[in-house]
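This is target_0.cif. It holds mmCIF, C-alpha atoms.
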data_query
loop_
_atom_site.group_PDB
_atom_site.id
_atom_site.type_symbol
_atom_site.label_atom_id
_atom_site.label_comp_id
_atom_site.auth_asym_id
_atom_site.auth_seq_id
_atom_site.Cartn_x
_atom_site.Cartn_y
_atom_site.Cartn_z
ATOM 1 C CA LEU N 1 17.032 5.128 3.597
ATOM 2 C CA GLU N 2 17.037 2.026 5.758
ATOM 3 C CA CYS N 3 17.502 -0.498 2.954
ATOM 4 C CA GLY N 4 16.044 1.270 -0.033
ATOM 5 C CA PRO N 5 12.734 3.016 -0.633
ATOM 6 C CA LEU N 6 9.405 1.648 0.526
ATOM 7 C CA GLU N 7 7.410 -0.297 -2.037
ATOM 8 C CA VAL N 8 3.655 -0.361 -1.508
ATOM 9 C CA ALA N 9 1.329 -2.869 -3.154
ATOM 10 C CA LEU N 10 -2.365 -2.014 -2.779
ATOM 11 C CA VAL N 11 -5.135 -4.470 -3.633
ATOM 12 C CA ALA N 12 -8.904 -4.341 -3.233
ATOM 13 C CA ASP N 13 -12.101 -5.797 -4.636
ATOM 14 C CA ASP N 14 -13.807 -2.403 -5.066
ATOM 15 C CA PRO N 15 -12.190 0.624 -6.761
ATOM 16 C CA ASP N 16 -14.032 3.015 -4.419
ATOM 17 C CA GLU N 17 -12.438 1.320 -1.402
ATOM 18 C CA LEU N 18 -8.983 1.550 -2.975
ATOM 19 C CA GLY N 19 -9.119 5.361 -3.367
ATOM 20 C CA PRO N 20 -8.334 6.421 0.228
ATOM 21 C CA TRP N 21 -5.448 3.945 0.375
ATOM 22 C CA TRP N 22 -4.043 5.248 -2.930
ATOM 23 C CA ARG N 23 -4.241 8.864 -1.738
ATOM 24 C CA ALA N 24 -2.543 7.985 1.564
ATOM 25 C CA ALA N 25 0.227 6.101 -0.229
ATOM 26 C CA LEU N 26 0.954 9.103 -2.459
ATOM 27 C CA LEU N 27 1.352 11.249 0.666
ATOM 28 C CA GLY N 28 3.977 8.887 2.103
ATOM 29 C CA THR N 29 7.252 10.499 3.093
ATOM 30 C CA SER N 30 9.681 7.709 2.152
ATOM 31 C CA PRO N 31 12.145 9.043 -0.460
ATOM 32 C CA GLY N 32 11.763 7.082 -3.689
ATOM 33 C CA LEU N 33 8.456 5.537 -2.602
ATOM 34 C CA VAL N 34 7.041 3.109 -5.181
ATOM 35 C CA VAL N 35 3.266 2.546 -5.261
ATOM 36 C CA ALA N 36 1.406 -0.057 -7.317
ATOM 37 C CA ALA N 37 -2.296 -0.852 -7.130
ATOM 38 C CA ARG N 38 -4.763 -3.272 -8.660
ATOM 39 C CA LEU N 39 -8.242 -4.641 -8.217
ATOM 40 C CA SER N 40 -8.405 -8.267 -7.138
ATOM 41 C CA ASP N 41 -9.705 -9.438 -10.528
ATOM 42 C CA GLU N 42 -6.865 -7.831 -12.515
ATOM 43 C CA ALA N 43 -3.625 -9.508 -13.572
ATOM 44 C CA GLU N 44 -0.933 -9.990 -10.943
ATOM 45 C CA VAL N 45 2.389 -8.556 -12.077
ATOM 46 C CA GLY N 46 5.621 -7.453 -10.407
ATOM 47 C CA LEU N 47 5.155 -6.106 -6.895
ATOM 48 C CA LEU N 48 1.464 -7.063 -6.998
ATOM 49 C CA HIS N 49 2.090 -10.765 -7.686
ATOM 50 C CA ASP N 50 0.663 -13.142 -5.075
ATOM 51 C CA ARG N 51 -0.655 -10.314 -2.896
ATOM 52 C CA PRO N 52 -4.423 -10.764 -2.493
ATOM 53 C CA PRO N 53 -6.867 -8.682 -0.452
ATOM 54 C CA VAL N 54 -7.172 -10.100 3.069
ATOM 55 C CA GLY N 55 -10.665 -10.929 4.262
ATOM 56 C CA GLY N 56 -12.262 -9.053 1.361
ATOM 57 C CA ARG N 57 -10.865 -5.743 2.672
ATOM 58 C CA PRO N 58 -8.530 -3.292 0.938
ATOM 59 C CA THR N 59 -5.033 -4.447 1.781
ATOM 60 C CA ALA N 60 -1.600 -2.830 1.709
ATOM 61 C CA TYR N 61 1.661 -4.713 1.510
ATOM 62 C CA VAL N 62 4.553 -2.486 2.598
ATOM 63 C CA CYS N 63 7.844 -3.834 1.311
ATOM 64 C CA ARG N 64 11.520 -3.113 0.757
ATOM 65 C CA ARG N 65 13.288 -4.952 -2.069
ATOM 66 C CA PHE N 66 10.154 -7.081 -2.565
ATOM 67 C CA ALA N 67 10.291 -8.403 1.040
ATOM 68 C CA CYS N 68 6.989 -7.394 2.635
ATOM 69 C CA ASP N 69 5.799 -6.914 6.186
ATOM 70 C CA ALA N 70 2.506 -8.521 7.227
ATOM 71 C CA PRO N 71 -0.409 -7.191 5.150
ATOM 72 C CA LEU N 72 -2.283 -4.186 6.547
ATOM 73 C CA THR N 73 -6.067 -3.900 6.412
ATOM 74 C CA ASP N 74 -6.434 -0.882 8.718
ATOM 75 C CA LEU N 75 -6.056 2.447 6.921
ATOM 76 C CA GLY N 76 -4.870 4.259 10.080
ATOM 77 C CA THR N 77 -2.068 1.755 10.615
ATOM 78 C CA PHE N 78 -1.081 2.055 6.959
ATOM 79 C CA VAL N 79 -0.969 5.866 7.190
ATOM 80 C CA GLU N 80 1.429 5.593 10.142
ATOM 81 C CA ARG N 81 3.573 2.970 8.402
ATOM 82 C CA VAL N 82 4.186 5.043 5.270
ATOM 83 C CA GLY N 83 4.772 8.232 7.255
ATOM 84 C CA VAL N 84 1.916 10.389 5.994
ATOM 85 C CA ARG N 85 2.111 13.883 7.404
ATOM 86 C CA VAL N 86 -1.089 15.844 7.559
ATOM 87 C CA GLN N 87 -0.795 19.612 7.384
ATOM 88 C CA ARG N 88 -3.186 21.428 9.658
ATOM 89 C CA GLY N 89 -4.407 24.921 8.917
#
Represent the structure from my file as structure tokens, please.
Amino acid sequence: LECGPLEVALVADDPDELGPWWRAALLGTSPGLVVAARLSDEAEVGLLHDRPPVGGRPTAYVCRRFACDAPLTDLGTFVERVGVRVQRG
């Protein structure tokens, strides 16, 4: 582990848009990965505090020890960042 496990905060306006991000986060390969998600109109707590969706798009904040990189709004970039490995038949 670089400096502890990745922490991922996912936020979106629409629950249907959040689904693919949630599934990708759960496939992340960081040992001890922590994932939290909320819709933009729900209470902000813990890792999700002060982390809004950017530009009305689903947004991922990838952090370590609550220090986050720039927010991600591109699912492909997020998949790479959390180290998702896709098994091919």
Give me, please, the distance in Å between CA of Ser30 (chain N) and CA of Phe66 (chain N), quoted to one decimal.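 Those two atoms sit 15.5 Å apart.
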If you apply the PyMOL selection byres ((chain N and resi 74) around 10) to this file, what residues do you get, as a list in words? Trp21, Arg57, Pro58, Thr59, Ala60, Pro71, Leu72, Thr73, Leu75, Gly76, Thr77, Phe78 and Val79 of chain N
Residues matched by the PyMOL selection byres ((chain N and resi 28) around 6) as a compact mmCIF listing (two decimals) with C-alpha atoms, in the frame of the given file:
# COMPACT_ATOMS: atom_id res chain seq x y z
CA ALA N 25 0.23 6.10 -0.23
CA LEU N 26 0.95 9.10 -2.46
CA LEU N 27 1.35 11.25 0.67
CA THR N 29 7.25 10.50 3.09
CA SER N 30 9.68 7.71 2.15
CA VAL N 82 4.19 5.04 5.27
CA GLY N 83 4.77 8.23 7.26
CA VAL N 84 1.92 10.39 5.99
I would like the residues chosen by the PyMOL selection byres ((chain N and resi 5-13) around 9) on the shown file; could you give them as a PyMOL selection string? chain N and resi 1-4+14-15+17-18+21-22+25+30-41+47-48+51-54+56-66+68+82
Ranking N:Gly55, N:Ala24, N:Ala43, N:His49 by minimum distance to Glu80 (chain N) and counting only C-alpha atoms, which one comes first? N:Ala24
